[in-house]
Every structure is written in structure tokens, then in C-alpha cells.
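Data from data-v1.txt: compact mmCIF, N, CA, C and O atoms
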# COMPACT_ATOMS: atom_id res chain seq x y z
N MET A 1 -26.93 -5.02 -6.16
CA MET A 1 -26.57 -3.86 -6.92
C MET A 1 -26.11 -2.73 -6.00
O MET A 1 -25.16 -2.03 -6.32
N ALA A 2 -26.79 -2.59 -4.87
CA ALA A 2 -26.41 -1.55 -3.92
C ALA A 2 -25.00 -1.79 -3.39
O ALA A 2 -24.22 -0.85 -3.25
N ALA A 3 -24.67 -3.06 -3.10
CA ALA A 3 -23.33 -3.38 -2.60
C ALA A 3 -22.26 -3.07 -3.65
O ALA A 3 -21.20 -2.54 -3.33
N LEU A 4 -22.54 -3.37 -4.90
CA LEU A 4 -21.61 -3.06 -5.98
C LEU A 4 -21.40 -1.55 -6.11
O LEU A 4 -20.26 -1.09 -6.23
N CYS A 5 -22.48 -0.81 -6.04
CA CYS A 5 -22.36 0.66 -6.11
C CYS A 5 -21.56 1.20 -4.93
O CYS A 5 -20.75 2.12 -5.10
N ASP A 6 -21.76 0.63 -3.74
CA ASP A 6 -20.98 1.06 -2.57
C ASP A 6 -19.50 0.79 -2.78
O ASP A 6 -18.65 1.62 -2.45
N GLN A 7 -19.15 -0.39 -3.33
CA GLN A 7 -17.74 -0.70 -3.59
C GLN A 7 -17.15 0.25 -4.62
O GLN A 7 -16.00 0.67 -4.48
N ILE A 8 -17.91 0.58 -5.62
CA ILE A 8 -17.41 1.52 -6.63
C ILE A 8 -17.14 2.87 -5.99
O ILE A 8 -16.10 3.48 -6.22
N ARG A 9 -18.06 3.34 -5.14
CA ARG A 9 -17.88 4.64 -4.47
C ARG A 9 -16.71 4.60 -3.47
O ARG A 9 -15.97 5.56 -3.35
N GLN A 10 -16.57 3.50 -2.75
CA GLN A 10 -15.58 3.43 -1.67
C GLN A 10 -14.20 2.99 -2.14
O GLN A 10 -13.21 3.30 -1.48
N ILE A 11 -14.11 2.26 -3.24
CA ILE A 11 -12.81 1.71 -3.65
C ILE A 11 -12.40 2.20 -5.04
O ILE A 11 -11.31 2.75 -5.21
N VAL A 12 -13.23 2.01 -6.03
CA VAL A 12 -12.84 2.29 -7.41
C VAL A 12 -12.62 3.78 -7.66
O VAL A 12 -11.56 4.18 -8.17
N VAL A 13 -13.59 4.59 -7.31
CA VAL A 13 -13.46 6.04 -7.55
C VAL A 13 -12.27 6.62 -6.78
O VAL A 13 -11.44 7.33 -7.37
N PRO A 14 -12.11 6.29 -5.48
CA PRO A 14 -10.93 6.81 -4.77
C PRO A 14 -9.60 6.31 -5.36
O PRO A 14 -8.62 7.03 -5.38
N TRP A 15 -9.59 5.07 -5.86
CA TRP A 15 -8.37 4.54 -6.48
C TRP A 15 -7.97 5.42 -7.66
O TRP A 15 -6.84 5.87 -7.76
N PHE A 16 -8.89 5.68 -8.56
CA PHE A 16 -8.58 6.49 -9.73
C PHE A 16 -8.25 7.93 -9.35
O PHE A 16 -7.34 8.53 -9.92
N ALA A 17 -8.96 8.47 -8.39
CA ALA A 17 -8.67 9.83 -7.95
C ALA A 17 -7.28 9.92 -7.33
O ALA A 17 -6.53 10.86 -7.57
N GLY A 18 -6.92 8.92 -6.53
CA GLY A 18 -5.62 8.94 -5.86
C GLY A 18 -4.46 8.70 -6.79
O GLY A 18 -3.36 9.20 -6.56
N THR A 19 -4.66 7.91 -7.84
CA THR A 19 -3.56 7.59 -8.74
C THR A 19 -3.44 8.56 -9.92
O THR A 19 -2.55 8.42 -10.74
N ARG A 20 -4.31 9.54 -9.97
CA ARG A 20 -4.29 10.52 -11.06
C ARG A 20 -2.92 11.20 -11.14
O ARG A 20 -2.38 11.40 -12.22
N ASP A 21 -2.38 11.58 -10.01
CA ASP A 21 -1.07 12.26 -9.97
C ASP A 21 -0.17 11.53 -8.99
O ASP A 21 -0.25 11.76 -7.78
N PRO A 22 0.69 10.64 -9.48
CA PRO A 22 1.56 9.86 -8.58
C PRO A 22 2.41 10.73 -7.65
O PRO A 22 2.75 10.30 -6.55
N ARG A 23 2.72 11.96 -8.06
CA ARG A 23 3.55 12.83 -7.22
C ARG A 23 2.82 13.30 -5.97
O ARG A 23 3.45 13.79 -5.04
N GLN A 24 1.50 13.15 -5.95
CA GLN A 24 0.69 13.58 -4.80
C GLN A 24 -0.02 12.41 -4.12
O GLN A 24 -0.79 12.62 -3.19
N LEU A 25 0.23 11.20 -4.57
CA LEU A 25 -0.55 10.05 -4.13
C LEU A 25 -0.48 9.82 -2.63
O LEU A 25 -1.50 9.57 -1.99
N ALA A 26 0.69 9.89 -2.04
CA ALA A 26 0.84 9.57 -0.61
C ALA A 26 -0.06 10.44 0.26
O ALA A 26 -0.60 9.96 1.26
N ALA A 27 -0.27 11.67 -0.12
CA ALA A 27 -1.11 12.56 0.67
C ALA A 27 -2.58 12.51 0.26
O ALA A 27 -3.46 12.76 1.08
N SER A 28 -2.84 12.15 -1.00
CA SER A 28 -4.21 12.28 -1.49
C SER A 28 -5.03 10.99 -1.48
O SER A 28 -6.26 11.06 -1.53
N VAL A 29 -4.39 9.86 -1.42
CA VAL A 29 -5.16 8.61 -1.49
C VAL A 29 -6.03 8.46 -0.23
O VAL A 29 -5.58 8.75 0.88
N PRO A 30 -7.29 8.06 -0.40
CA PRO A 30 -8.19 7.93 0.75
C PRO A 30 -7.75 6.84 1.73
O PRO A 30 -7.20 5.81 1.33
N GLN A 31 -8.01 7.07 2.98
CA GLN A 31 -7.64 6.14 4.04
C GLN A 31 -8.25 4.75 3.82
O GLN A 31 -7.66 3.75 4.17
N ALA A 32 -9.41 4.69 3.21
CA ALA A 32 -10.09 3.41 2.98
C ALA A 32 -9.25 2.45 2.14
O ALA A 32 -9.45 1.24 2.21
N LEU A 33 -8.29 2.96 1.40
CA LEU A 33 -7.46 2.11 0.57
C LEU A 33 -6.18 1.65 1.26
O LEU A 33 -5.37 0.95 0.66
N LEU A 34 -5.99 2.02 2.52
CA LEU A 34 -4.71 1.77 3.19
C LEU A 34 -4.76 0.77 4.34
O LEU A 34 -3.77 0.57 5.01
N GLY A 35 -5.87 0.14 4.58
CA GLY A 35 -6.00 -0.79 5.71
C GLY A 35 -5.15 -2.03 5.53
O GLY A 35 -4.52 -2.25 4.50
N PRO A 36 -5.13 -2.90 6.56
CA PRO A 36 -4.27 -4.09 6.54
C PRO A 36 -4.48 -5.01 5.34
O PRO A 36 -3.55 -5.64 4.87
N PHE A 37 -5.69 -5.12 4.86
CA PHE A 37 -5.94 -5.99 3.71
C PHE A 37 -6.41 -5.18 2.50
O PHE A 37 -7.08 -5.69 1.62
N ALA A 38 -6.03 -3.92 2.46
CA ALA A 38 -6.47 -3.04 1.39
C ALA A 38 -5.41 -2.97 0.30
O ALA A 38 -4.81 -3.97 -0.05
N PHE A 39 -5.13 -1.78 -0.22
CA PHE A 39 -4.36 -1.65 -1.44
C PHE A 39 -3.02 -0.93 -1.28
O PHE A 39 -2.42 -0.55 -2.28
N ALA A 40 -2.55 -0.73 -0.06
CA ALA A 40 -1.28 -0.02 0.12
C ALA A 40 -0.13 -0.67 -0.65
O ALA A 40 0.63 0.02 -1.33
N PRO A 41 0.05 -2.01 -0.59
CA PRO A 41 1.15 -2.60 -1.36
C PRO A 41 1.02 -2.36 -2.86
O PRO A 41 2.01 -2.12 -3.55
N ASP A 42 -0.20 -2.41 -3.37
CA ASP A 42 -0.42 -2.16 -4.79
C ASP A 42 -0.06 -0.72 -5.14
O ASP A 42 0.53 -0.45 -6.20
N LEU A 43 -0.42 0.21 -4.26
CA LEU A 43 -0.10 1.61 -4.50
C LEU A 43 1.40 1.86 -4.42
O LEU A 43 1.95 2.64 -5.20
N VAL A 44 2.07 1.19 -3.49
CA VAL A 44 3.54 1.30 -3.40
C VAL A 44 4.16 0.79 -4.70
O VAL A 44 5.05 1.44 -5.27
N GLU A 45 3.71 -0.35 -5.16
CA GLU A 45 4.23 -0.89 -6.42
C GLU A 45 3.98 0.08 -7.57
O GLU A 45 4.86 0.32 -8.40
N PHE A 46 2.79 0.63 -7.63
CA PHE A 46 2.45 1.62 -8.66
C PHE A 46 3.43 2.79 -8.63
O PHE A 46 3.95 3.22 -9.66
N LEU A 47 3.70 3.30 -7.43
CA LEU A 47 4.61 4.44 -7.30
C LEU A 47 6.03 4.08 -7.72
O LEU A 47 6.69 4.87 -8.40
N VAL A 48 6.50 2.91 -7.33
CA VAL A 48 7.86 2.49 -7.70
C VAL A 48 7.98 2.37 -9.22
O VAL A 48 8.96 2.82 -9.81
N THR A 49 6.97 1.79 -9.86
CA THR A 49 7.04 1.65 -11.32
C THR A 49 6.98 2.99 -12.04
O THR A 49 7.39 3.08 -13.19
N ARG A 50 6.51 4.02 -11.36
CA ARG A 50 6.46 5.36 -11.94
C ARG A 50 7.69 6.19 -11.54
O ARG A 50 7.77 7.37 -11.81
N GLY A 51 8.63 5.56 -10.84
CA GLY A 51 9.83 6.27 -10.43
C GLY A 51 9.63 7.18 -9.24
O GLY A 51 10.45 8.05 -8.96
N GLU A 52 8.55 6.99 -8.51
CA GLU A 52 8.20 7.85 -7.36
C GLU A 52 8.54 7.14 -6.05
O GLU A 52 7.68 6.91 -5.20
N ARG A 53 9.80 6.83 -5.86
CA ARG A 53 10.22 6.09 -4.65
C ARG A 53 9.98 6.89 -3.37
O ARG A 53 9.61 6.33 -2.35
N GLU A 54 10.19 8.18 -3.40
CA GLU A 54 9.95 8.98 -2.19
C GLU A 54 8.46 8.99 -1.85
O GLU A 54 8.09 8.94 -0.68
N GLN A 55 7.61 9.05 -2.85
CA GLN A 55 6.17 8.95 -2.60
C GLN A 55 5.83 7.59 -2.01
O GLN A 55 4.98 7.48 -1.11
N ALA A 56 6.48 6.54 -2.49
CA ALA A 56 6.25 5.20 -1.95
C ALA A 56 6.65 5.15 -0.47
O ALA A 56 5.91 4.62 0.36
N ARG A 57 7.79 5.74 -0.14
CA ARG A 57 8.23 5.79 1.26
C ARG A 57 7.24 6.59 2.11
O ARG A 57 6.90 6.20 3.22
N SER A 58 6.77 7.71 1.56
CA SER A 58 5.80 8.54 2.28
C SER A 58 4.49 7.80 2.50
O SER A 58 3.88 7.91 3.57
N LEU A 59 4.08 7.04 1.52
CA LEU A 59 2.85 6.27 1.66
C LEU A 59 3.01 5.22 2.76
O LEU A 59 2.12 5.04 3.59
N ILE A 60 4.14 4.55 2.79
CA ILE A 60 4.39 3.55 3.85
C ILE A 60 4.37 4.23 5.21
O ILE A 60 3.75 3.73 6.16
N ARG A 61 5.02 5.38 5.32
CA ARG A 61 5.00 6.11 6.61
C ARG A 61 3.57 6.47 7.00
O ARG A 61 3.19 6.33 8.17
N ARG A 62 2.78 6.91 6.04
CA ARG A 62 1.39 7.28 6.33
C ARG A 62 0.60 6.06 6.83
O ARG A 62 -0.15 6.16 7.80
N VAL A 63 0.77 4.94 6.17
CA VAL A 63 0.07 3.72 6.60
C VAL A 63 0.46 3.37 8.03
O VAL A 63 -0.40 3.08 8.86
N LEU A 64 1.73 3.41 8.34
CA LEU A 64 2.20 3.04 9.68
C LEU A 64 1.76 4.04 10.74
O LEU A 64 1.53 3.65 11.89
N GLU A 65 1.63 5.30 10.37
CA GLU A 65 1.17 6.32 11.33
C GLU A 65 -0.32 6.22 11.59
O GLU A 65 -0.77 6.40 12.72
N THR A 66 -1.09 5.96 10.56
CA THR A 66 -2.54 5.97 10.71
C THR A 66 -3.15 4.60 10.99
O THR A 66 -4.29 4.51 11.39
N GLU A 67 -2.39 3.54 10.78
CA GLU A 67 -2.86 2.18 11.04
C GLU A 67 -1.85 1.49 11.97
O GLU A 67 -1.07 0.65 11.52
N PRO A 68 -1.87 1.80 13.26
CA PRO A 68 -0.89 1.22 14.18
C PRO A 68 -0.88 -0.30 14.18
O PRO A 68 0.16 -0.92 14.45
N THR A 69 -2.00 -0.92 13.86
CA THR A 69 -2.04 -2.38 13.83
C THR A 69 -1.16 -2.94 12.72
O THR A 69 -0.80 -4.11 12.75
N GLN A 70 -0.79 -2.12 11.78
CA GLN A 70 0.07 -2.55 10.68
C GLN A 70 1.54 -2.65 11.08
O GLN A 70 2.32 -3.29 10.40
N ARG A 71 1.91 -2.00 12.16
CA ARG A 71 3.34 -1.92 12.52
C ARG A 71 3.98 -3.28 12.74
O ARG A 71 5.06 -3.54 12.23
N GLU A 72 3.33 -4.15 13.50
CA GLU A 72 3.91 -5.47 13.76
C GLU A 72 3.99 -6.28 12.47
O GLU A 72 4.99 -6.95 12.22
N ALA A 73 2.96 -6.20 11.65
CA ALA A 73 2.98 -6.91 10.37
C ALA A 73 4.09 -6.37 9.48
O ALA A 73 4.76 -7.13 8.77
N PHE A 74 4.32 -5.06 9.54
CA PHE A 74 5.40 -4.44 8.77
C PHE A 74 6.76 -5.00 9.20
O PHE A 74 7.57 -5.39 8.37
N VAL A 75 6.97 -5.08 10.51
CA VAL A 75 8.23 -5.62 11.04
C VAL A 75 8.39 -7.08 10.63
O VAL A 75 9.47 -7.51 10.22
N GLN A 76 7.31 -7.84 10.71
CA GLN A 76 7.36 -9.24 10.28
C GLN A 76 7.72 -9.35 8.80
O GLN A 76 8.52 -10.21 8.42
N GLY A 77 7.16 -8.48 7.99
CA GLY A 77 7.47 -8.49 6.56
C GLY A 77 8.93 -8.17 6.29
O GLY A 77 9.55 -8.77 5.42
N ARG A 78 9.48 -7.24 7.05
CA ARG A 78 10.92 -6.92 6.88
C ARG A 78 11.78 -8.11 7.27
O ARG A 78 12.78 -8.40 6.62
N ARG A 79 11.38 -8.81 8.34
CA ARG A 79 12.12 -10.01 8.74
C ARG A 79 12.07 -11.08 7.64
O ARG A 79 13.06 -11.73 7.35
N LEU A 80 10.90 -11.25 7.06
CA LEU A 80 10.75 -12.21 5.97
C LEU A 80 11.64 -11.84 4.79
O LEU A 80 12.23 -12.71 4.15
N ALA A 81 11.73 -10.55 4.49
CA ALA A 81 12.57 -10.10 3.38
C ALA A 81 14.03 -10.46 3.63
O ALA A 81 14.75 -10.81 2.69
N ASP A 82 14.46 -10.40 4.88
CA ASP A 82 15.84 -10.77 5.22
C ASP A 82 16.11 -12.24 4.92
O ASP A 82 17.25 -12.64 4.68
N LEU A 83 15.06 -13.06 4.92
CA LEU A 83 15.20 -14.49 4.67
C LEU A 83 15.23 -14.82 3.18
O LEU A 83 15.54 -15.93 2.79
N GLY A 84 14.87 -13.85 2.34
CA GLY A 84 14.93 -14.06 0.90
C GLY A 84 13.59 -14.39 0.27
O GLY A 84 12.56 -14.43 0.93
N LEU A 85 13.63 -14.66 -1.02
CA LEU A 85 12.41 -14.88 -1.78
C LEU A 85 11.60 -16.07 -1.29
O LEU A 85 10.38 -16.09 -1.42
N ALA A 86 12.25 -17.07 -0.75
CA ALA A 86 11.52 -18.25 -0.29
C ALA A 86 10.56 -17.91 0.85
O ALA A 86 9.58 -18.61 1.07
N ALA A 87 10.82 -16.81 1.56
CA ALA A 87 9.98 -16.42 2.70
C ALA A 87 9.00 -15.30 2.34
O ALA A 87 8.40 -14.71 3.22
N ARG A 88 8.84 -15.04 1.07
CA ARG A 88 7.96 -13.95 0.63
C ARG A 88 6.52 -14.20 1.08
O ARG A 88 5.97 -15.27 0.86
N PRO A 89 5.88 -13.19 1.70
CA PRO A 89 4.49 -13.37 2.13
C PRO A 89 3.54 -13.31 0.93
O PRO A 89 3.88 -12.77 -0.11
N ARG A 90 2.36 -13.87 1.11
CA ARG A 90 1.33 -13.75 0.07
C ARG A 90 1.05 -12.27 -0.17
O ARG A 90 1.12 -11.47 0.76
N TRP A 91 0.71 -11.90 -1.41
CA TRP A 91 0.62 -10.50 -1.78
C TRP A 91 -0.38 -9.71 -0.96
O TRP A 91 -0.08 -8.65 -0.46
N ASN A 92 -1.56 -10.17 -0.78
CA ASN A 92 -2.55 -9.36 -0.07
C ASN A 92 -2.65 -9.74 1.40
O ASN A 92 -3.71 -10.02 1.91
N THR A 93 -1.50 -9.71 2.06
CA THR A 93 -1.43 -9.89 3.51
C THR A 93 -0.78 -8.66 4.11
O THR A 93 -0.04 -7.95 3.43
N PRO A 94 -1.01 -8.39 5.39
CA PRO A 94 -0.42 -7.19 6.00
C PRO A 94 1.12 -7.18 5.98
O PRO A 94 1.73 -6.13 5.91
N GLN A 95 1.76 -8.34 5.98
CA GLN A 95 3.22 -8.41 6.02
C GLN A 95 3.88 -7.95 4.72
O GLN A 95 5.04 -7.56 4.71
N VAL A 96 3.15 -7.97 3.62
CA VAL A 96 3.76 -7.66 2.34
C VAL A 96 4.25 -6.21 2.26
O VAL A 96 5.21 -5.93 1.56
N LEU A 97 3.64 -5.31 2.99
CA LEU A 97 4.10 -3.91 2.95
C LEU A 97 5.52 -3.81 3.50
O LEU A 97 6.35 -3.11 2.92
N GLY A 98 5.82 -4.50 4.57
CA GLY A 98 7.18 -4.50 5.11
C GLY A 98 8.16 -5.18 4.18
O GLY A 98 9.28 -4.72 3.98
N TRP A 99 7.73 -6.28 3.58
CA TRP A 99 8.58 -7.01 2.66
C TRP A 99 8.91 -6.14 1.45
O TRP A 99 10.05 -6.05 1.02
N THR A 100 7.90 -5.45 0.92
CA THR A 100 8.06 -4.60 -0.24
C THR A 100 8.96 -3.40 0.07
O THR A 100 9.72 -2.96 -0.79
N SER A 101 8.89 -2.90 1.28
CA SER A 101 9.65 -1.69 1.63
C SER A 101 11.15 -1.88 1.54
O SER A 101 11.88 -0.90 1.43
N THR A 102 11.62 -3.09 1.55
CA THR A 102 13.06 -3.32 1.52
C THR A 102 13.70 -2.96 0.19
O THR A 102 14.91 -2.81 0.11
N VAL A 103 12.91 -2.81 -0.87
CA VAL A 103 13.48 -2.42 -2.17
C VAL A 103 13.57 -0.91 -2.32
O VAL A 103 14.09 -0.43 -3.31
N LEU A 104 13.05 -0.20 -1.36
CA LEU A 104 13.08 1.25 -1.45
C LEU A 104 14.34 1.77 -0.82
O LEU A 104 14.74 2.82 -0.83
Please, can you express the file's structure as C-alpha cells?
Amino acid sequence: MAALCDQIRQIVVPWFAGTRDPRQLAASVPQALLGPFAFAPDLVEFLVTRGEREQARSLIRRVLETEPTQREAFVQGRRLADLGLAARPRWNTPQVLGWTSTVL
């Protein structure tokens, strides 16, 4: 029960707080949601579906600035995007952020 409560505090509450206003999401979403296996691709998709492409770009920049380990995975994802849909990475992998960024 304690672990579930910790996940709710660390993931669920920040998710809802960050997505309350898509126009401010890139700056307001907690860092805990942006790690290599976290929710950055989901948040980018959320922003794109809301017509907030600049916020999506800002969020990607924030991830790459604050998570340097993501940079190589981002580059790999962009390379995969150049190869087409057959080379699409699995959704919850670090490379998907780079792959997703090509539609912006």
C-alpha cells in the first residue's frame, strides 16, 4: 500500500498537475516524468493532439537539456524515423522521443 501511495504522489498527481494547462506543460511538468523510461513521449503526444506543437518542441528541448543520457537515444530515434515505419522503436523506450520529434 505504501508503494502504491508513493507512485500516486510521484507519478499520478504530477501528471494531472502538469497536464492541467497544455500551454504551460513544458515548463511545469515535474522532472520525475521526463526520464528515459518515463512519460515524455506520452506528454509530447498529448501536446500534439492539443495543437501545442511549440510546447511539444519545448518539452523535448527540456528533456535533452536536463537528461543528457537521452541525447544519444534521441539521435538514434531520429535515425530510425529516417528508415520509416518498419524501424519504429517500441513506445516506452528512450529512442521513441527522437522518432516522435520528426513529426514536429
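Atom pair CA of Gln55 in chain A / CA of Phe16 in chain A has a distance of 16.6 Å (rounded to one decimal).
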Original post:
Using only N, CA, C and O atoms, which residues sit within 8 Å of Gln70 in chain A once same-chain residues fewer than 5 positions away are excluded, as a PyMOL selection string?
Top reply: chain A and resi 34-36+63-65+75-77+94-95+97-98
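Residues within 8 Å of Ala38 in chain A, counting only N, CA, C and O atoms and excluding same-chain residues fewer than 4 positions away, are Gln31, Ala32, Leu33, Leu34, Asp42, Leu43, Trp91, Asn92, Thr93 and Pro94 of chain A.
From atom C of Trp99 in chain A back to atom N of Arg78 in chain A, the distance works out to 5.7 Å.
Compared by their closest atoms to Glu54 in chain A, and using only C-alpha atoms, the residues A:Ala3, A:Leu83, A:Val13, A:Ala26 rank with A:Ala26 nearest.
Proximity of A:Glu67, A:Cys5, A:Ala86, A:Arg61 to Phe37 in chain A, computed with only C-alpha atoms, is greatest for A:Glu67.
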How big is the axis-aligned box around the listed atoms of range 67-84 of chain A once 6 Å is added on each side, and where is its centre? Give both in Å to one decimal, as JSON.
{"center_x": 7.2, "center_y": -6.2, "center_z": 7.4, "size_x": 32.1, "size_y": 31.5, "size_z": 26.2}
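Distance-wise, atom N of Ala81 in chain A and atom N of Thr102 in chain A end up 8.0 Å apart.
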Subject >> Contact residues around range 28-30 of chain A with only C-alpha atoms at 12 Å, ignoring same-chain residues under 4 positions, as a ChimeraX atom specification >> reply: /A:9-24,34-35,38-40,43-44,55-56,58-59,62-63,66
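The smallest atom-to-atom distance between Val96 in chain A and any of A:Asp82, A:Val48, A:Pro41, A:Ala27, using only C-alpha atoms, is found for A:Pro41.
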